[in-house]
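Worksheet: the structure to be examined is printed underneath.
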Amino acid sequence: MREENCIFCKIANGEIPSATIYEDEDFRVFLDLNPATRGHALIVPKEHFANLFEMDEEHCRKAIVLARKIGSRMMEKLGCDGLNLVQNNGEAAGQTVFHFHMHLIPRYKEDGAGITWQPGSLTEEARDELTALLAGN
Ligand code: 5GP
Ligand code: ZN
C-alpha cells in the first residue's frame with residue numbers, strides 16, 4: 001500500500017529517481033540526499049509504514065538482514081572503520097520523513113559525524129522503577 005504525497009513511497013517504487021544501490025521485491029536502498037558521511041544510505045520498504053511500530057514482523061526481519069548485507073558491502077568497498085544503523089521513530093526522536101527507513105551510516109575515524117548523546121547516570125530508584133515498568137517477555 002502506498003500513501004498519497006509520501007516522498008519515500010514514490011522513491012521506493014521508482015516514481016522519483018534515486019541513487020539506488022540495491023533493490024528487491026520489498027525494499028529499495030538509496031543514497032541519502034544530505035549524507036552524514038560518505039556512503040550514507042537509506043533502507044526503505046516499498047510498502048508504506050509510518051514507522052517501526054506499524055511495520056509487520058516479516059518486513060522487520062528483512063530490514064535487519066538487508067542492513068547486514070549492505071553494511072558489510074560498505075565495510076568492504078568504502079573501507080570505513082565502522083557503521084551506525086539509525087532508525088528514528090516520531091518527531092521527538094528526529095524522524096522527519098514518516099515512512100519507515102533505516103539509515104546506514106558508514107563511519108570513518110575522526111569523521112566528526114555527531115551520532116551521539118550525553119551519557120547520564122542510572123540511579124537505583126530509576127533502575128527499580130524502570131525494570132518494574134518495562135520487564136516482560
Ligand atoms: P529521518 O530524519 O526521518 O530519520 O531521515 C530522513 C532522511 O531522509 C534524511 O537523512 C534526509 O536527508 C533524507 N531525505 C529526505 N528527503 C529525501 C529525498 O528526497 N531523497 C533522498 N535521497 N533522501 C532524502
Ligand atoms: Zn510512504
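Residues are named by chain letter and number: chains run A, B, ... in the order of the C-alpha cells, numbers start at 1 in each chain, and ligands are numbered from 1 in the order shown.
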
Please identify every polymer residue within 10 Å of ligand 2, using only C-alpha atoms and all ligand atoms, and present the set as a VMD selection string.
chain A and resid 1 to 13 44 to 51 97 to 101

Do you know which residues are at most 6 Å from region 85-90 of chain A counting only C-alpha atoms, after dropping those on the same chain fewer than 5 positions away, and could you put them as an mmCIF file with N, CA, C and O atoms, in the first residue's frame?
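Result went into part.cif, see below:
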data_model
loop_
_atom_site.group_PDB
_atom_site.id
_atom_site.type_symbol
_atom_site.label_atom_id
_atom_site.label_comp_id
_atom_site.auth_asym_id
_atom_site.auth_seq_id
_atom_site.Cartn_x
_atom_site.Cartn_y
_atom_site.Cartn_z
ATOM 1 N N ASN A 51 6.245 3.996 10.573
ATOM 2 C CA ASN A 51 7.373 3.819 11.494
ATOM 3 C C ASN A 51 7.524 2.335 11.832
ATOM 4 O O ASN A 51 6.774 1.493 11.321
ATOM 5 N N GLN A 95 12.623 11.927 13.635
ATOM 6 C CA GLN A 95 12.076 11.461 12.352
ATOM 7 C C GLN A 95 11.495 12.647 11.587
ATOM 8 O O GLN A 95 10.724 13.435 12.142
ATOM 9 N N MET A 102 15.649 2.998 7.501
ATOM 10 C CA MET A 102 16.783 2.735 8.370
ATOM 11 C C MET A 102 18.007 3.360 7.716
ATOM 12 O O MET A 102 18.265 3.142 6.527
ATOM 13 N N HIS A 103 18.715 4.178 8.492
ATOM 14 C CA HIS A 103 19.942 4.801 7.991
ATOM 15 C C HIS A 103 21.106 3.828 8.127
ATOM 16 O O HIS A 103 21.282 3.208 9.183
ATOM 17 N N LEU A 104 21.899 3.752 7.074
ATOM 18 C CA LEU A 104 23.172 3.032 7.120
ATOM 19 C C LEU A 104 24.239 4.113 7.018
ATOM 20 O O LEU A 104 24.351 4.764 5.966
#

Set the distance at 12 Å and use only C-alpha atoms: which residues neighbour Lys69 (chain A) once local chain neighbours fewer than 3 positions away are removed? I'd like the list as a tab-separated table (two decimals) with N, CA, C and O atoms, in the first residue's frame.
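Final file, result-v3.tsv:
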chain	number	residue	atom	x	y	z
A	21	ILE	N	21.31	1.64	-4.73
A	21	ILE	CA	22.43	0.69	-4.65
A	21	ILE	C	21.94	-0.73	-4.43
A	21	ILE	O	22.72	-1.68	-4.50
A	22	TYR	N	20.63	-0.90	-4.19
A	22	TYR	CA	20.06	-2.24	-4.03
A	22	TYR	C	18.55	-2.13	-4.21
A	22	TYR	O	17.93	-1.16	-3.76
A	29	VAL	N	17.24	0.46	-1.54
A	29	VAL	CA	18.27	1.12	-0.74
A	29	VAL	C	18.91	2.18	-1.63
A	29	VAL	O	19.34	1.87	-2.75
A	43	ILE	N	17.56	2.40	3.87
A	43	ILE	CA	16.81	1.18	3.53
A	43	ILE	C	15.34	1.53	3.66
A	43	ILE	O	14.88	1.92	4.75
A	62	LYS	N	13.37	-8.74	7.42
A	62	LYS	CA	14.07	-8.49	6.16
A	62	LYS	C	14.93	-7.22	6.23
A	62	LYS	O	16.02	-7.17	5.66
A	63	ALA	N	14.43	-6.21	6.92
A	63	ALA	CA	15.18	-4.93	7.01
A	63	ALA	C	16.52	-5.13	7.71
A	63	ALA	O	17.55	-4.61	7.26
A	64	ILE	N	16.54	-5.89	8.78
A	64	ILE	CA	17.80	-6.05	9.52
A	64	ILE	C	18.76	-6.97	8.76
A	64	ILE	O	19.98	-6.74	8.77
A	65	VAL	N	18.22	-7.96	8.09
A	65	VAL	CA	19.08	-8.85	7.28
A	65	VAL	C	19.71	-8.03	6.13
A	65	VAL	O	20.90	-8.15	5.83
A	66	LEU	N	18.90	-7.16	5.55
A	66	LEU	CA	19.38	-6.29	4.47
A	66	LEU	C	20.43	-5.30	4.98
A	66	LEU	O	21.43	-5.02	4.31
A	72	SER	N	27.82	-4.77	5.26
A	72	SER	CA	29.11	-5.45	5.07
A	72	SER	C	29.71	-5.10	3.71
A	72	SER	O	30.93	-4.99	3.57
A	73	ARG	N	28.85	-4.83	2.73
A	73	ARG	CA	29.35	-4.35	1.42
A	73	ARG	C	30.04	-3.00	1.61
A	73	ARG	O	31.10	-2.72	1.04
A	74	MET	N	29.44	-2.13	2.42
A	74	MET	CA	30.04	-0.81	2.68
A	74	MET	C	31.38	-0.94	3.38
A	74	MET	O	32.36	-0.26	3.03
A	75	MET	N	31.43	-1.82	4.39
A	75	MET	CA	32.68	-2.01	5.13
A	75	MET	C	33.80	-2.42	4.16
A	75	MET	O	34.93	-1.94	4.26
A	76	GLU	N	33.44	-3.29	3.23
A	76	GLU	CA	34.44	-3.80	2.30
A	76	GLU	C	34.82	-2.76	1.24
A	76	GLU	O	35.98	-2.47	1.00
A	104	LEU	N	21.90	3.75	7.07
A	104	LEU	CA	23.17	3.03	7.12
A	104	LEU	C	24.24	4.11	7.02
A	104	LEU	O	24.35	4.76	5.97

Neighbours of Ile105 (chain A) within 8 Å (only C-alpha atoms; same-chain residues fewer than 4 positions away dropped), as a ChimeraX atom specification?
/A:36-37,39-41,83-86

Please produce a file of those selected residues containing N, CA and C atoms, as a tab-separated table (two decimals), in the first residue's frame.
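What follows is the written file part.tsv:
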chain	number	residue	atom	x	y	z
A	36	ALA	N	25.37	12.15	6.15
A	36	ALA	CA	26.16	12.45	7.35
A	36	ALA	C	27.63	12.13	7.08
A	37	THR	N	27.86	11.10	6.29
A	37	THR	CA	29.22	10.70	5.93
A	37	THR	C	29.19	10.14	4.50
A	39	GLY	N	28.78	7.75	1.73
A	39	GLY	CA	28.13	6.45	1.57
A	39	GLY	C	26.83	6.29	2.35
A	40	HIS	N	26.43	7.31	3.11
A	40	HIS	CA	25.18	7.27	3.90
A	40	HIS	C	24.00	6.88	3.00
A	41	ALA	N	23.33	5.80	3.38
A	41	ALA	CA	22.21	5.30	2.56
A	41	ALA	C	21.00	4.98	3.43
A	83	LEU	N	30.19	1.34	11.36
A	83	LEU	CA	28.92	1.63	10.70
A	83	LEU	C	27.82	1.80	11.75
A	84	ASN	N	27.08	2.89	11.65
A	84	ASN	CA	25.91	3.06	12.52
A	84	ASN	C	24.64	2.71	11.77
A	85	LEU	N	23.76	1.98	12.46
A	85	LEU	CA	22.39	1.80	11.98
A	85	LEU	C	21.56	2.75	12.82
A	86	VAL	N	20.82	3.64	12.17
A	86	VAL	CA	20.00	4.61	12.90
A	86	VAL	C	18.59	4.51	12.36

Considering only alpha helix (DSSP H) as DSSP defines it on the backbone, what residues of region 24-71 of chain A qualify? List them as a short mmCIF file (atom, residue, chain, number, x, y, z; two decimals) with all heavy atoms, in the first residue's frame.
data_model
loop_
_atom_site.label_atom_id
_atom_site.label_comp_id
_atom_site.auth_asym_id
_atom_site.auth_seq_id
_atom_site.Cartn_x
_atom_site.Cartn_y
_atom_site.Cartn_z
N GLU A 57 6.19 -7.99 11.09
CA GLU A 57 7.43 -8.65 11.52
C GLU A 57 8.28 -9.15 10.37
O GLU A 57 9.51 -9.14 10.44
CB GLU A 57 7.11 -9.80 12.49
CG GLU A 57 6.64 -9.30 13.83
CD GLU A 57 6.63 -10.38 14.91
OE1 GLU A 57 7.06 -11.52 14.64
OE2 GLU A 57 6.18 -10.06 16.03
N GLU A 58 7.64 -9.58 9.31
CA GLU A 58 8.39 -10.08 8.15
C GLU A 58 9.26 -8.96 7.55
O GLU A 58 10.44 -9.17 7.24
CB GLU A 58 7.40 -10.64 7.12
CG GLU A 58 8.03 -11.33 5.93
CD GLU A 58 8.86 -12.57 6.28
OE1 GLU A 58 8.74 -13.09 7.41
OE2 GLU A 58 9.66 -12.98 5.42
N HIS A 59 8.68 -7.78 7.40
CA HIS A 59 9.47 -6.64 6.90
C HIS A 59 10.57 -6.27 7.90
O HIS A 59 11.67 -5.89 7.50
CB HIS A 59 8.57 -5.43 6.65
CG HIS A 59 7.94 -5.41 5.29
ND1 HIS A 59 6.75 -6.03 5.01
CD2 HIS A 59 8.35 -4.85 4.13
CE1 HIS A 59 6.45 -5.85 3.73
NE2 HIS A 59 7.40 -5.14 3.17
N CYS A 60 10.28 -6.36 9.18
CA CYS A 60 11.30 -6.05 10.20
C CYS A 60 12.48 -6.98 10.06
O CYS A 60 13.64 -6.54 10.06
CB CYS A 60 10.73 -6.18 11.62
SG CYS A 60 9.52 -4.93 12.06
N ARG A 61 12.18 -8.25 9.93
CA ARG A 61 13.26 -9.25 9.78
C ARG A 61 14.09 -8.96 8.52
O ARG A 61 15.31 -8.94 8.56
CB ARG A 61 12.67 -10.66 9.70
CG ARG A 61 12.43 -11.30 11.06
CD ARG A 61 12.10 -12.77 10.90
NE ARG A 61 10.72 -12.95 10.48
CZ ARG A 61 9.69 -13.02 11.32
NH1 ARG A 61 9.88 -12.93 12.62
NH2 ARG A 61 8.46 -13.16 10.87
N LYS A 62 13.37 -8.74 7.42
CA LYS A 62 14.07 -8.49 6.16
C LYS A 62 14.93 -7.22 6.23
O LYS A 62 16.02 -7.17 5.66
CB LYS A 62 13.07 -8.36 5.02
CG LYS A 62 12.49 -9.70 4.59
CD LYS A 62 11.53 -9.54 3.43
CE LYS A 62 11.00 -10.88 2.94
NZ LYS A 62 9.88 -10.74 2.00
N ALA A 63 14.43 -6.21 6.92
CA ALA A 63 15.18 -4.93 7.01
C ALA A 63 16.52 -5.13 7.71
O ALA A 63 17.55 -4.61 7.26
CB ALA A 63 14.35 -3.87 7.72
N ILE A 64 16.54 -5.89 8.78
CA ILE A 64 17.80 -6.05 9.52
C ILE A 64 18.76 -6.97 8.76
O ILE A 64 19.98 -6.74 8.77
CB ILE A 64 17.55 -6.49 10.99
CG1 ILE A 64 18.79 -6.24 11.86
CG2 ILE A 64 17.14 -7.94 11.11
CD1 ILE A 64 19.06 -4.80 12.16
N VAL A 65 18.22 -7.96 8.09
CA VAL A 65 19.08 -8.85 7.28
C VAL A 65 19.71 -8.03 6.13
O VAL A 65 20.90 -8.15 5.83
CB VAL A 65 18.28 -10.06 6.75
CG1 VAL A 65 19.08 -10.85 5.72
CG2 VAL A 65 17.87 -10.97 7.91
N LEU A 66 18.90 -7.16 5.55
CA LEU A 66 19.38 -6.29 4.47
C LEU A 66 20.43 -5.30 4.98
O LEU A 66 21.43 -5.02 4.31
CB LEU A 66 18.18 -5.57 3.85
CG LEU A 66 18.38 -4.80 2.56
CD1 LEU A 66 19.06 -5.65 1.50
CD2 LEU A 66 17.02 -4.31 2.06
N ALA A 67 20.21 -4.79 6.18
CA ALA A 67 21.19 -3.87 6.78
C ALA A 67 22.54 -4.56 6.92
O ALA A 67 23.59 -3.97 6.66
CB ALA A 67 20.70 -3.39 8.14
N ARG A 68 22.51 -5.82 7.30
CA ARG A 68 23.76 -6.56 7.44
C ARG A 68 24.43 -6.77 6.08
O ARG A 68 25.64 -6.61 5.93
CB ARG A 68 23.50 -7.91 8.11
CG ARG A 68 24.78 -8.59 8.55
CD ARG A 68 24.48 -9.79 9.38
NE ARG A 68 24.09 -10.91 8.56
CZ ARG A 68 24.59 -12.14 8.68
NH1 ARG A 68 25.49 -12.38 9.61
NH2 ARG A 68 24.19 -13.11 7.92
N LYS A 69 23.62 -7.09 5.09
CA LYS A 69 24.16 -7.33 3.74
C LYS A 69 24.80 -6.06 3.15
O LYS A 69 25.95 -6.06 2.72
CB LYS A 69 23.01 -7.81 2.84
CG LYS A 69 23.38 -8.12 1.40
CD LYS A 69 22.09 -8.42 0.62
CE LYS A 69 22.33 -8.62 -0.84
NZ LYS A 69 22.47 -10.04 -1.20
N ILE A 70 24.05 -4.97 3.15
CA ILE A 70 24.57 -3.73 2.56
C ILE A 70 25.67 -3.14 3.45
O ILE A 70 26.66 -2.58 2.95
CB ILE A 70 23.45 -2.69 2.33
CG1 ILE A 70 22.30 -3.30 1.52
CG2 ILE A 70 24.00 -1.44 1.62
CD1 ILE A 70 22.65 -3.79 0.14
N GLY A 71 25.49 -3.28 4.76
CA GLY A 71 26.51 -2.79 5.69
C GLY A 71 27.85 -3.47 5.47
O GLY A 71 28.89 -2.82 5.47
#

One-decimal distance in Å that lies between CA of Lys77 (chain A) and CA of Lys109 (chain A)
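CA of Lys77 (chain A) lies at a distance of 16.1 Å from CA of Lys109 (chain A).
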
Give the strand (DSSP E or B) residues of chain A, as assigned by DSSP on the backbone, as a PDB file with N, CA, C and O atoms, in the first residue's frame.
ATOM      1  N   THR A  20      20.127   4.481  -6.481  1.00  0.00           N
ATOM      2  CA  THR A  20      19.833   3.171  -5.895  1.00  0.00           C
ATOM      3  C   THR A  20      21.061   2.275  -5.881  1.00  0.00           C
ATOM      4  O   THR A  20      21.755   2.149  -6.888  1.00  0.00           O
ATOM      5  N   ILE A  21      21.310   1.640  -4.733  1.00  0.00           N
ATOM      6  CA  ILE A  21      22.434   0.693  -4.646  1.00  0.00           C
ATOM      7  C   ILE A  21      21.943  -0.735  -4.433  1.00  0.00           C
ATOM      8  O   ILE A  21      22.722  -1.681  -4.499  1.00  0.00           O
ATOM      9  N   TYR A  22      20.633  -0.896  -4.189  1.00  0.00           N
ATOM     10  CA  TYR A  22      20.062  -2.243  -4.026  1.00  0.00           C
ATOM     11  C   TYR A  22      18.549  -2.132  -4.212  1.00  0.00           C
ATOM     12  O   TYR A  22      17.926  -1.165  -3.762  1.00  0.00           O
ATOM     13  N   GLU A  23      17.981  -3.157  -4.851  1.00  0.00           N
ATOM     14  CA  GLU A  23      16.521  -3.194  -4.955  1.00  0.00           C
ATOM     15  C   GLU A  23      16.058  -4.639  -5.024  1.00  0.00           C
ATOM     16  O   GLU A  23      16.697  -5.476  -5.677  1.00  0.00           O
ATOM     17  N   PHE A  27      12.119  -3.939  -0.942  1.00  0.00           N
ATOM     18  CA  PHE A  27      12.894  -2.783  -0.462  1.00  0.00           C
ATOM     19  C   PHE A  27      13.688  -2.118  -1.574  1.00  0.00           C
ATOM     20  O   PHE A  27      14.044  -2.764  -2.561  1.00  0.00           O
ATOM     21  N   ARG A  28      13.986  -0.844  -1.350  1.00  0.00           N
ATOM     22  CA  ARG A  28      14.982  -0.137  -2.151  1.00  0.00           C
ATOM     23  C   ARG A  28      15.977   0.482  -1.163  1.00  0.00           C
ATOM     24  O   ARG A  28      15.585   0.960  -0.091  1.00  0.00           O
ATOM     25  N   VAL A  29      17.236   0.457  -1.543  1.00  0.00           N
ATOM     26  CA  VAL A  29      18.273   1.118  -0.741  1.00  0.00           C
ATOM     27  C   VAL A  29      18.907   2.178  -1.627  1.00  0.00           C
ATOM     28  O   VAL A  29      19.343   1.872  -2.749  1.00  0.00           O
ATOM     29  N   PHE A  30      18.897   3.420  -1.165  1.00  0.00           N
ATOM     30  CA  PHE A  30      19.426   4.511  -1.987  1.00  0.00           C
ATOM     31  C   PHE A  30      20.204   5.505  -1.132  1.00  0.00           C
ATOM     32  O   PHE A  30      20.040   5.558   0.092  1.00  0.00           O
ATOM     33  N   LEU A  31      21.035   6.296  -1.789  1.00  0.00           N
ATOM     34  CA  LEU A  31      21.876   7.257  -1.071  1.00  0.00           C
ATOM     35  C   LEU A  31      21.049   8.398  -0.509  1.00  0.00           C
ATOM     36  O   LEU A  31      20.143   8.921  -1.173  1.00  0.00           O
ATOM     37  N   ALA A  41      23.326   5.799   3.377  1.00  0.00           N
ATOM     38  CA  ALA A  41      22.215   5.297   2.557  1.00  0.00           C
ATOM     39  C   ALA A  41      21.004   4.976   3.427  1.00  0.00           C
ATOM     40  O   ALA A  41      21.104   4.917   4.664  1.00  0.00           O
ATOM     41  N   LEU A  42      19.866   4.801   2.768  1.00  0.00           N
ATOM     42  CA  LEU A  42      18.610   4.530   3.473  1.00  0.00           C
ATOM     43  C   LEU A  42      17.988   3.242   2.955  1.00  0.00           C
ATOM     44  O   LEU A  42      17.897   3.039   1.738  1.00  0.00           O
ATOM     45  N   ILE A  43      17.557   2.399   3.874  1.00  0.00           N
ATOM     46  CA  ILE A  43      16.814   1.183   3.531  1.00  0.00           C
ATOM     47  C   ILE A  43      15.336   1.528   3.665  1.00  0.00           C
ATOM     48  O   ILE A  43      14.881   1.916   4.750  1.00  0.00           O
ATOM     49  N   VAL A  44      14.595   1.403   2.576  1.00  0.00           N
ATOM     50  CA  VAL A  44      13.194   1.857   2.570  1.00  0.00           C
ATOM     51  C   VAL A  44      12.280   0.768   1.979  1.00  0.00           C
ATOM     52  O   VAL A  44      12.513   0.309   0.853  1.00  0.00           O
ATOM     53  N   PRO A  45      11.247   0.365   2.719  1.00  0.00           N
ATOM     54  CA  PRO A  45      10.305  -0.622   2.171  1.00  0.00           C
ATOM     55  C   PRO A  45       9.441   0.006   1.082  1.00  0.00           C
ATOM     56  O   PRO A  45       9.158   1.210   1.125  1.00  0.00           O
ATOM     57  N   GLY A  82      33.734   1.682  10.685  1.00  0.00           N
ATOM     58  CA  GLY A  82      32.591   1.250  11.480  1.00  0.00           C
ATOM     59  C   GLY A  82      31.323   1.628  10.755  1.00  0.00           C
ATOM     60  O   GLY A  82      31.364   2.183   9.637  1.00  0.00           O
ATOM     61  N   LEU A  83      30.190   1.340  11.357  1.00  0.00           N
ATOM     62  CA  LEU A  83      28.915   1.628  10.696  1.00  0.00           C
ATOM     63  C   LEU A  83      27.825   1.796  11.753  1.00  0.00           C
ATOM     64  O   LEU A  83      27.698   0.955  12.642  1.00  0.00           O
ATOM     65  N   ASN A  84      27.077   2.888  11.654  1.00  0.00           N
ATOM     66  CA  ASN A  84      25.913   3.058  12.523  1.00  0.00           C
ATOM     67  C   ASN A  84      24.645   2.709  11.773  1.00  0.00           C
ATOM     68  O   ASN A  84      24.462   3.118  10.623  1.00  0.00           O
ATOM     69  N   LEU A  85      23.760   1.984  12.459  1.00  0.00           N
ATOM     70  CA  LEU A  85      22.390   1.802  11.984  1.00  0.00           C
ATOM     71  C   LEU A  85      21.559   2.755  12.823  1.00  0.00           C
ATOM     72  O   LEU A  85      21.591   2.674  14.047  1.00  0.00           O
ATOM     73  N   VAL A  86      20.821   3.642  12.170  1.00  0.00           N
ATOM     74  CA  VAL A  86      19.997   4.608  12.899  1.00  0.00           C
ATOM     75  C   VAL A  86      18.588   4.513  12.356  1.00  0.00           C
ATOM     76  O   VAL A  86      18.382   4.447  11.135  1.00  0.00           O
ATOM     77  N   MET A 102      15.649   2.998   7.501  1.00  0.00           N
ATOM     78  CA  MET A 102      16.783   2.735   8.370  1.00  0.00           C
ATOM     79  C   MET A 102      18.007   3.360   7.716  1.00  0.00           C
ATOM     80  O   MET A 102      18.265   3.142   6.527  1.00  0.00           O
ATOM     81  N   HIS A 103      18.715   4.178   8.492  1.00  0.00           N
ATOM     82  CA  HIS A 103      19.942   4.801   7.991  1.00  0.00           C
ATOM     83  C   HIS A 103      21.106   3.828   8.127  1.00  0.00           C
ATOM     84  O   HIS A 103      21.282   3.208   9.183  1.00  0.00           O
ATOM     85  N   LEU A 104      21.899   3.752   7.074  1.00  0.00           N
ATOM     86  CA  LEU A 104      23.172   3.032   7.120  1.00  0.00           C
ATOM     87  C   LEU A 104      24.239   4.113   7.018  1.00  0.00           C
ATOM     88  O   LEU A 104      24.351   4.764   5.966  1.00  0.00           O
ATOM     89  N   ILE A 105      24.947   4.334   8.102  1.00  0.00           N
ATOM     90  CA  ILE A 105      25.917   5.443   8.119  1.00  0.00           C
ATOM     91  C   ILE A 105      27.335   4.894   8.317  1.00  0.00           C
ATOM     92  O   ILE A 105      27.716   4.532   9.436  1.00  0.00           O
ATOM     93  N   PRO A 106      28.078   4.827   7.212  1.00  0.00           N
ATOM     94  CA  PRO A 106      29.463   4.374   7.343  1.00  0.00           C
ATOM     95  C   PRO A 106      30.233   5.366   8.220  1.00  0.00           C
ATOM     96  O   PRO A 106      30.019   6.576   8.119  1.00  0.00           O
ATOM     97  N   ARG A 107      31.101   4.850   9.067  1.00  0.00           N
ATOM     98  CA  ARG A 107      31.860   5.730   9.949  1.00  0.00           C
ATOM     99  C   ARG A 107      33.352   5.610   9.681  1.00  0.00           C
ATOM    100  O   ARG A 107      33.853   4.517   9.403  1.00  0.00           O
TER     101      ARG A 107
END

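If only C-alpha atoms and all ligand atoms are the atoms counted, then among A:Asp81, A:Glu91, A:Glu15, A:Glu54 the closest residue to ligand 1 is A:Glu91.
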